[in-house]
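Asker: Okay, so here is data_1.cif, and as you'll see once you scroll down, it has mmCIF, C-alpha atoms.
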data_work
#
loop_
_atom_site.label_atom_id
_atom_site.label_comp_id
_atom_site.auth_asym_id
_atom_site.auth_seq_id
_atom_site.Cartn_x
_atom_site.Cartn_y
_atom_site.Cartn_z
CA MET U 1 -132.96 37.26 132.51
CA ALA U 2 -130.27 35.05 133.96
CA SER U 3 -129.68 35.39 137.66
CA PHE U 4 -126.42 36.22 139.39
CA SER U 5 -124.72 33.30 141.11
CA LEU U 6 -124.71 35.01 144.49
CA THR U 7 -124.12 33.85 148.00
CA PRO U 8 -127.13 32.46 149.86
CA TYR U 9 -126.92 35.17 152.52
CA ASP U 10 -128.41 38.03 150.52
CA PRO U 11 -128.81 37.21 146.85
CA SER U 12 -130.74 40.35 146.02
CA THR U 13 -128.36 43.20 146.92
CA PHE U 14 -124.88 44.63 146.51
CA ILE U 15 -123.19 47.32 148.61
CA LEU U 16 -121.83 50.48 146.99
CA MET U 17 -119.01 51.92 149.09
CA GLY U 18 -118.99 55.41 147.59
CA ILE U 19 -115.38 56.64 147.44
CA PRO U 20 -113.15 54.18 149.37
CA GLY U 21 -110.49 55.87 151.47
CA LEU U 22 -112.42 59.12 151.63
CA GLU U 23 -115.41 57.95 153.69
CA ALA U 24 -114.76 60.60 156.34
CA ALA U 25 -115.01 63.31 153.68
CA HIS U 26 -118.19 62.01 152.02
CA VAL U 27 -120.33 64.84 153.38
CA TRP U 28 -117.88 67.47 152.14
CA ILE U 29 -117.50 65.76 148.75
CA SER U 30 -121.28 65.69 148.40
CA ILE U 31 -121.47 69.50 148.41
CA PRO U 32 -119.79 70.07 145.01
CA PHE U 33 -121.53 66.94 143.70
CA ALA U 34 -124.95 68.34 144.59
CA VAL U 35 -124.11 71.87 143.39
CA PHE U 36 -122.72 70.71 140.03
CA TYR U 37 -125.68 68.37 139.51
CA ILE U 38 -128.34 71.00 140.29
CA ILE U 39 -126.64 73.68 138.16
CA GLY U 40 -126.24 71.28 135.23
CA LEU U 41 -129.84 70.10 135.56
CA LEU U 42 -131.23 73.65 135.62
CA GLU U 43 -129.07 74.78 132.69
CA ASN U 44 -130.03 71.85 130.48
CA VAL U 45 -133.74 72.09 131.34
CA MET U 46 -133.57 75.81 130.51
CA LEU U 47 -131.87 75.01 127.20
CA LEU U 48 -134.51 72.42 126.29
CA HIS U 49 -137.33 74.81 127.22
CA VAL U 50 -135.94 77.79 125.26
CA VAL U 51 -135.25 75.74 122.11
CA SER U 52 -138.72 74.17 122.26
CA LYS U 53 -140.40 77.60 122.62
CA GLU U 54 -138.33 79.60 120.12
CA GLN U 55 -139.18 78.79 116.52
CA THR U 56 -135.98 80.43 115.24
CA LEU U 57 -133.94 77.87 117.20
CA GLN U 58 -135.63 74.88 115.58
CA LYS U 59 -132.51 74.15 113.54
CA PRO U 60 -130.42 70.97 113.29
CA MET U 61 -127.57 72.37 115.40
CA TYR U 62 -129.88 73.26 118.29
CA LEU U 63 -131.91 70.07 117.98
CA LEU U 64 -128.68 68.09 118.30
CA LEU U 65 -127.75 70.27 121.25
CA CYS U 66 -131.08 69.31 122.85
CA MET U 67 -130.30 65.63 122.30
CA LEU U 68 -126.94 66.21 124.00
CA ALA U 69 -128.71 67.93 126.90
CA LEU U 70 -131.08 64.96 127.30
CA THR U 71 -128.18 62.48 127.46
CA GLU U 72 -126.41 64.65 130.03
CA ILE U 73 -129.50 64.89 132.21
CA ALA U 74 -129.96 61.12 131.93
CA SER U 75 -126.35 60.21 132.71
CA SER U 76 -125.97 62.46 135.75
CA THR U 77 -129.45 61.59 137.11
CA SER U 78 -128.73 57.86 136.83
CA VAL U 79 -125.76 58.22 139.22
CA VAL U 80 -125.80 61.37 141.35
CA PRO U 81 -129.01 60.85 143.42
CA LYS U 82 -127.81 57.39 144.53
CA ALA U 83 -124.31 58.76 145.24
CA LEU U 84 -125.81 61.51 147.41
CA CYS U 85 -127.84 58.89 149.31
CA ILE U 86 -124.55 57.12 150.05
CA PHE U 87 -122.81 60.33 151.11
CA TRP U 88 -125.65 61.77 153.21
CA PHE U 89 -127.62 58.84 154.57
CA ASN U 90 -125.18 55.92 154.29
CA LEU U 91 -127.73 54.09 152.08
CA LYS U 92 -125.23 51.84 150.35
CA THR U 93 -127.31 48.85 149.29
CA ILE U 94 -128.52 48.42 145.73
CA THR U 95 -130.61 45.59 144.36
CA VAL U 96 -129.22 43.25 141.72
CA ARG U 97 -131.83 44.50 139.24
CA GLY U 98 -130.95 48.11 140.08
CA CYS U 99 -127.26 47.34 139.61
CA LEU U 100 -127.92 45.67 136.26
CA ALA U 101 -130.03 48.64 135.20
CA GLN U 102 -127.21 51.07 136.04
CA SER U 103 -124.60 48.88 134.35
CA PHE U 104 -126.69 49.03 131.15
CA PHE U 105 -128.15 52.53 131.23
CA LEU U 106 -125.01 54.54 131.99
CA PRO U 107 -122.78 53.01 129.25
CA MET U 108 -125.71 53.20 126.83
CA VAL U 109 -126.07 56.94 127.45
CA THR U 110 -122.28 57.33 127.20
CA VAL U 111 -122.22 55.72 123.75
CA MET U 112 -125.24 57.83 122.74
CA HIS U 113 -123.45 60.97 123.96
CA SER U 114 -120.40 60.16 121.83
CA THR U 115 -122.60 59.44 118.81
CA ILE U 116 -124.31 62.83 119.17
CA LEU U 117 -120.94 64.61 119.37
CA MET U 118 -119.92 62.84 116.15
CA THR U 119 -123.22 63.86 114.50
CA MET U 120 -122.67 67.46 115.63
CA ALA U 121 -119.25 67.42 113.96
CA PHE U 122 -120.95 66.18 110.75
CA ASP U 123 -123.51 68.99 111.13
CA ARG U 124 -120.74 71.62 111.34
CA TYR U 125 -118.97 70.04 108.37
CA ILE U 126 -122.10 70.33 106.18
CA ALA U 127 -122.84 73.88 107.44
CA ILE U 128 -119.34 75.16 106.63
CA CYS U 129 -118.23 73.01 103.68
CA ASN U 130 -121.56 72.74 101.86
CA PRO U 131 -123.74 75.61 103.17
CA LEU U 132 -126.01 75.86 100.11
CA ARG U 133 -127.25 72.28 100.60
CA TYR U 134 -127.30 72.38 104.41
CA ALA U 135 -131.07 72.89 104.73
CA THR U 136 -131.86 70.05 102.31
CA ILE U 137 -129.33 67.56 103.71
CA LEU U 138 -130.05 68.05 107.41
CA THR U 139 -133.80 68.37 107.75
CA LYS U 140 -135.61 67.94 111.07
CA GLY U 141 -136.74 64.49 109.97
CA ARG U 142 -133.19 63.39 109.17
CA VAL U 143 -131.90 64.75 112.47
CA ALA U 144 -134.59 62.75 114.28
CA MET U 145 -133.66 59.65 112.24
CA LEU U 146 -129.97 60.09 113.11
CA GLY U 147 -130.93 60.36 116.77
CA LEU U 148 -133.03 57.19 116.57
CA LEU U 149 -130.25 55.27 114.80
CA GLY U 150 -127.80 56.46 117.45
CA LEU U 151 -130.11 55.19 120.19
CA ILE U 152 -130.52 51.79 118.49
CA LYS U 153 -126.75 51.52 118.02
CA SER U 154 -126.16 52.38 121.69
CA ILE U 155 -128.67 49.80 122.94
CA LEU U 156 -127.38 47.00 120.69
CA PHE U 157 -123.71 47.52 121.55
CA VAL U 158 -124.20 48.05 125.30
CA LEU U 159 -126.83 45.35 125.98
CA PRO U 160 -124.17 42.58 126.24
CA LEU U 161 -122.53 44.36 129.21
CA PRO U 162 -125.23 43.55 131.80
CA LEU U 163 -125.87 40.20 130.13
CA LEU U 164 -122.21 39.27 130.58
CA LEU U 165 -122.46 40.24 134.26
CA THR U 166 -125.31 37.80 134.79
CA ARG U 167 -123.06 34.86 133.87
CA LEU U 168 -120.49 35.66 136.58
CA PRO U 169 -120.44 33.92 139.98
CA PHE U 170 -120.34 36.26 142.99
CA CYS U 171 -119.00 34.66 146.15
CA ALA U 172 -118.31 36.21 149.55
CA ASN U 173 -117.36 39.67 148.33
CA ARG U 174 -120.47 41.74 147.70
CA ILE U 175 -118.91 45.19 148.15
CA ILE U 176 -118.49 47.36 145.03
CA PRO U 177 -115.81 50.04 145.66
CA HIS U 178 -117.63 52.70 143.64
CA THR U 179 -120.45 55.23 143.73
CA HIS U 180 -122.38 53.34 141.04
CA CYS U 181 -122.51 49.99 139.25
CA GLU U 182 -119.93 50.62 136.57
CA PRO U 183 -119.75 47.30 134.64
CA ILE U 184 -116.03 46.60 135.07
CA ALA U 185 -116.19 47.58 138.76
CA VAL U 186 -118.96 45.03 139.30
CA ALA U 187 -117.11 42.38 137.30
CA LYS U 188 -113.93 42.84 139.36
CA ILE U 189 -115.62 41.67 142.58
CA SER U 190 -116.65 38.40 140.94
CA CYS U 191 -114.87 35.18 141.85
CA GLY U 192 -115.09 34.02 138.21
CA ASP U 193 -113.21 34.71 134.99
CA ILE U 194 -113.91 38.26 133.77
CA THR U 195 -111.76 38.12 130.63
CA VAL U 196 -114.75 38.33 128.27
CA ASN U 197 -116.19 41.27 130.23
CA SER U 198 -112.88 43.16 130.04
CA ILE U 199 -112.41 42.47 126.34
CA TYR U 200 -115.94 43.55 125.45
CA GLY U 201 -115.52 46.76 127.47
CA LEU U 202 -112.38 47.52 125.44
CA VAL U 203 -114.25 46.72 122.21
CA ILE U 204 -116.81 49.40 123.07
CA LEU U 205 -114.09 51.85 124.09
CA PHE U 206 -111.85 51.45 121.04
CA LEU U 207 -114.31 50.39 118.33
CA ILE U 208 -117.33 52.58 119.14
CA ILE U 209 -115.77 55.61 120.86
CA GLY U 210 -112.63 55.28 118.73
CA VAL U 211 -114.60 55.34 115.47
CA ASP U 212 -116.60 58.36 116.67
CA LEU U 213 -113.39 60.23 117.53
CA THR U 214 -111.85 59.30 114.17
CA LEU U 215 -114.88 60.63 112.27
CA ILE U 216 -114.89 63.78 114.42
CA ALA U 217 -111.18 64.33 113.63
CA LEU U 218 -111.85 63.77 109.90
CA SER U 219 -114.76 66.24 109.94
CA TYR U 220 -112.66 68.88 111.69
CA GLY U 221 -109.76 68.35 109.32
CA LEU U 222 -112.08 69.14 106.41
CA ILE U 223 -113.65 72.03 108.34
CA ILE U 224 -110.27 73.62 109.08
CA LYS U 225 -109.32 73.30 105.41
CA ALA U 226 -112.58 75.01 104.41
CA ILE U 227 -112.20 77.78 107.03
CA LEU U 228 -108.70 78.60 105.79
CA GLY U 229 -110.21 79.13 102.35
CA ILE U 230 -112.87 81.60 103.55
CA SER U 231 -112.01 85.16 102.46
CA SER U 232 -114.69 87.01 104.47
CA ASN U 233 -113.47 87.90 107.96
CA LYS U 234 -117.03 87.88 109.34
CA ALA U 235 -117.81 84.41 107.96
CA HIS U 236 -114.37 83.22 109.09
CA HIS U 237 -115.06 84.43 112.64
CA LYS U 238 -118.59 82.93 112.74
CA ALA U 239 -117.36 79.52 111.56
CA LEU U 240 -114.53 79.52 114.11
CA ASN U 241 -116.95 80.48 116.89
CA THR U 242 -119.32 77.57 116.36
CA CYS U 243 -116.46 75.10 115.85
CA THR U 244 -114.65 76.32 118.98
CA ALA U 245 -117.77 75.72 121.06
CA HIS U 246 -118.10 72.15 119.78
CA PHE U 247 -114.37 71.48 120.26
CA CYS U 248 -114.54 72.71 123.89
CA VAL U 249 -117.57 70.49 124.53
CA MET U 250 -115.65 67.48 123.20
CA LEU U 251 -112.65 68.27 125.41
CA THR U 252 -114.77 68.50 128.57
CA TYR U 253 -116.32 65.12 127.79
CA TYR U 254 -113.64 62.94 126.21
CA THR U 255 -110.67 64.01 128.37
CA PRO U 256 -111.93 62.78 131.80
CA SER U 257 -113.83 59.89 130.17
CA LEU U 258 -110.80 58.47 128.35
CA PHE U 259 -108.53 59.11 131.35
CA TYR U 260 -110.87 57.11 133.58
CA HIS U 261 -111.46 54.18 131.24
CA LEU U 262 -107.84 53.79 130.11
CA THR U 263 -106.18 54.20 133.52
CA GLN U 264 -108.71 51.87 135.15
CA ARG U 265 -107.68 49.06 132.80
CA PHE U 266 -103.99 49.73 132.15
CA VAL U 267 -102.58 51.72 135.09
CA ARG U 268 -102.33 50.00 138.48
CA ASP U 269 -100.55 52.58 140.66
CA ILE U 270 -103.30 55.22 140.76
CA ALA U 271 -105.29 55.36 144.00
CA PRO U 272 -108.84 53.93 143.63
CA HIS U 273 -110.46 57.14 144.87
CA VAL U 274 -108.83 59.07 141.99
CA HIS U 275 -110.44 56.69 139.46
CA ILE U 276 -113.84 57.03 141.11
CA ILE U 277 -113.69 60.83 141.36
CA PHE U 278 -112.85 61.04 137.63
CA ALA U 279 -115.69 58.62 136.85
CA ASP U 280 -118.10 60.95 138.64
CA LEU U 281 -116.60 64.17 137.31
CA TYR U 282 -117.09 63.22 133.68
CA LEU U 283 -120.79 62.77 134.51
CA LEU U 284 -121.01 66.09 136.37
CA ILE U 285 -118.72 68.60 134.63
CA PRO U 286 -119.94 68.36 130.98
CA PRO U 287 -123.66 68.86 131.87
CA MET U 288 -122.70 71.98 133.83
CA LEU U 289 -120.22 73.47 131.33
CA ASN U 290 -121.70 72.60 127.93
CA PRO U 291 -124.74 74.95 128.05
CA ILE U 292 -122.41 77.74 129.24
CA ILE U 293 -119.93 77.05 126.42
CA TYR U 294 -122.62 77.11 123.75
CA GLY U 295 -124.28 80.13 125.36
CA VAL U 296 -121.03 82.11 125.36
CA LYS U 297 -119.90 81.12 121.87
CA THR U 298 -123.29 81.14 120.07
CA LYS U 299 -124.84 84.62 119.98
CA GLU U 300 -128.24 83.49 118.68
CA LEU U 301 -128.73 81.04 121.54
CA ARG U 302 -127.31 83.46 124.11
CA ASP U 303 -129.69 86.26 123.07
CA LYS U 304 -132.75 83.98 123.22
CA VAL U 305 -131.83 82.66 126.68
CA VAL U 306 -131.19 86.18 128.01
CA ASN U 307 -134.52 87.41 126.57
CA TYR U 308 -136.35 84.48 128.14
CA ILE U 309 -134.75 85.07 131.55
CA CYS U 310 -135.62 88.77 131.37
CA ARG U 311 -139.29 87.90 130.70
CA MET U 312 -139.49 85.62 133.75
#
Let me see the structure of the file written as structure tokens.
Answerer:
Amino acid sequence: MASFSLTPYDPSTFILMGIPGLEAAHVWISIPFAVFYIIGLLENVMLLHVVSKEQTLQKPMYLLLCMLALTEIASSTSVVPKALCIFWFNLKTITVRGCLAQSFFLPMVTVMHSTILMTMAFDRYIAICNPLRYATILTKGRVAMLGLLGLIKSILFVLPLPLLLTRLPFCANRIIPHTHCEPIAVAKISCGDITVNSIYGLVILFLIIGVDLTLIALSYGLIIKAILGISSNKAHHKALNTCTAHFCVMLTYYTPSLFYHLTQRFVRDIAPHVHIIFADLYLLIPPMLNPIIYGVKTKELRDKVVNYICRM
């Protein structure tokens, strides 16, 4: 691995500032951070446990939901514990290797998350538009293969991000105004040319996430057309229920994510702490809300979770 061109004073660390401008409120900000993180962690672990124990939930939709839960646990856990160390104990230093790891792992999980949401839209399309072939098209093996391909895709597309950071020179400024090593935030403190870094970040945003959103929109266009053609009120209601849950999950994820990434690059008059809070919220809110959304809108999952809790 190439090494950063750092100053001779401390070539092995960076300093994460947390939320600049709100340092005095760090302890208060940490309270909702910790609460949201713990609730999301418990909910997703519960979801994984119930699906693994209940044979009737071993279906493609729930297996994909488990993959989504794993990415949400991974994304929030890669950021929140370090952020809480900054807020509570003023432990702001991070090693270069740790920073590189964060700058790779978090975008990789983000791309994986988007890929799973796109696969879930495909799952709903097959279930509603071609229900007779659903069990033969989406087997457990194919779901696992789709998950593996999504992981490979995420790694291959995101790997250049930390590699591009290693080519940048870092001079006197070693302070990252963020709670974590977001790649563009790290690149901005460099004293070198970050054009390639910025362009590649936009390539991931528009090409990868954009393609996923386009395929999701196409799937839902076909789903809506199929739902309008359903004559049975019960089937109509069931299809709408599962699609509404997935649509709500997408809104909770893509809305803050796109707001953060687009405003960070194209809008200059938003206070830095607003950017950083949104960057953290899109890692905290979806893991907390998604299990609730699916639990409320999916009766089969809700009943199994309630039965399991009652047996505890």
Asker: Between CA of Ile276 in chain U and CA of Cys248 in chain U, what is the spacing in Å?
Answerer: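 Separation between CA of Cys248 in chain U and CA of Ile276 in chain U: 23.3 Å.
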Asker: Considering only C-alpha atoms, state which residue in the set U:Val80, U:Ile31, U:Val305, U:Ile39 is at the smallest distance from Thr179 in chain U.
Answerer: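 The closest residue to Thr179 in chain U is U:Val80.
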Asker: If you apply the PyMOL selection byres ((chain U and resi 161) around 8) to this file, what residues do you get, as a ChimeraX atom specification?
Answerer: /U:103-104,158-160,162-165,183,197,200-201
Asker: Excluding range 127-139 of chain U and residues on its chain fewer than 6 positions from it, collect all residues at most 12 Å away from it, counting only C-alpha atoms, and give them as a VMD selection string.
Answerer: chain U and resid 58 to 61 63 to 64 119 to 121 145 to 146 219 to 230 235 to 243
Asker: When the PyMOL selection byres ((chain U and resi 26) around 12) is applied to the file above, which residues end up in the set, as a ChimeraX atom specification?
Answerer: /U:17-25,27-34,83-90,179,273,277
Asker: Out of U:Leu215, U:Leu205, U:Ile293, U:Val143, which residue has the shortest atom-to-atom distance to Pro107 in chain U when counting all atoms listed in the file?
Answerer: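 Distance minimum relative to Pro107 in chain U lands on U:Leu205.
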Asker: Which residue is closest to Ile176 in chain U? Choose from U:Phe36, U:Phe247, U:Phe14, U:Tyr294 and count all atoms listed in the file.
Answerer: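 Using all atoms listed in the file, the shortest distance to Ile176 in chain U belongs to U:Phe14.
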Asker: Between U:Asp123, U:Asp193, U:Asp269, U:Asp303, which one has atoms that come closest to His246 in chain U, using all atoms listed in the file?
Answerer: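 Of U:Asp123, U:Asp193, U:Asp269, U:Asp303, the one nearest His246 in chain U, counting all atoms listed in the file, is U:Asp123.
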Asker: Within 6 Å of range 68-77 of chain U, counting only C-alpha atoms, which residues qualify if same-chain residues fewer than 2 places away don't, as a PDB file with C-alpha atoms, in the frame of the given file?
Answerer:
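Dumped to selection07.pdb:
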ATOM      1  CA  ASN U  44    -130.030  71.850 130.480  1.00  0.00           C
ATOM      2  CA  LEU U  65    -127.750  70.270 121.250  1.00  0.00           C
ATOM      3  CA  CYS U  66    -131.080  69.310 122.850  1.00  0.00           C
ATOM      4  CA  VAL U  79    -125.760  58.220 139.220  1.00  0.00           C
ATOM      5  CA  VAL U  80    -125.800  61.370 141.350  1.00  0.00           C
ATOM      6  CA  LEU U 106    -125.010  54.540 131.990  1.00  0.00           C
ATOM      7  CA  VAL U 109    -126.070  56.940 127.450  1.00  0.00           C
ATOM      8  CA  LEU U 283    -120.790  62.770 134.510  1.00  0.00           C
ATOM      9  CA  PRO U 287    -123.660  68.860 131.870  1.00  0.00           C
TER      10      PRO U 287
END
Asker: Could you check how far CA of Ile209 in chain U sits from CA of Val35 in chain U, in Å to one decimal?
Answerer: 29.0 Å
Asker: Between range 107-194 of chain U and range 264-267 of chain U, at 12 Å or less, what are the per-residue closest atom pairs and their distances in Å? Count only C-alpha atoms, order by chain and rising residue number, and return it as a Markdown table.
Answerer:
| residue | atom | partner | partner_atom | distance |
| --- | --- | --- | --- | --- |
| U:Glu182 | CA | U:Gln264 | CA | 11.4 |
| U:Pro183 | CA | U:Gln264 | CA | 12.0 |
| U:Ile184 | CA | U:Arg265 | CA | 9.0 |
| U:Ala185 | CA | U:Gln264 | CA | 9.3 |
| U:Lys188 | CA | U:Arg265 | CA | 11.0 |
Asker: What does the distance from CA of Gln55 in chain U to CA of Asn290 in chain U come to in Å, to one decimal?
Answerer: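 Separation between CA of Gln55 in chain U and CA of Asn290 in chain U: 21.8 Å.
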Asker: Could you check which of U:Leu149, U:Val203, U:Ile94, U:Ile309 is closest to His49 in chain U, using only C-alpha atoms?
Answerer: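 Looking at the shortest contact to His49 in chain U, the residue is U:Ile309.
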Asker: Check the smallest atom-to-atom distance from each of U:Leu16, U:Ser198, U:Val50, U:His178 to Val274 in chain U using all atoms listed in the file, then report the winner.
Answerer: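 Smallest distance to Val274 in chain U is found for U:His178.
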Asker: Go through the shown structure with the PyMOL selection byres ((chain U and resi 168) around 8) and write out the matching residues as a list in words.
Answerer: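 Taken on the displayed file, the PyMOL selection byres ((chain U and resi 168) around 8) yields the residues Phe4, Ser5, Leu164, Leu165, Thr166, Arg167, Pro169, Phe170, Ala187, Ser190, Cys191, Gly192, Asp193 and Ile194 of chain U.
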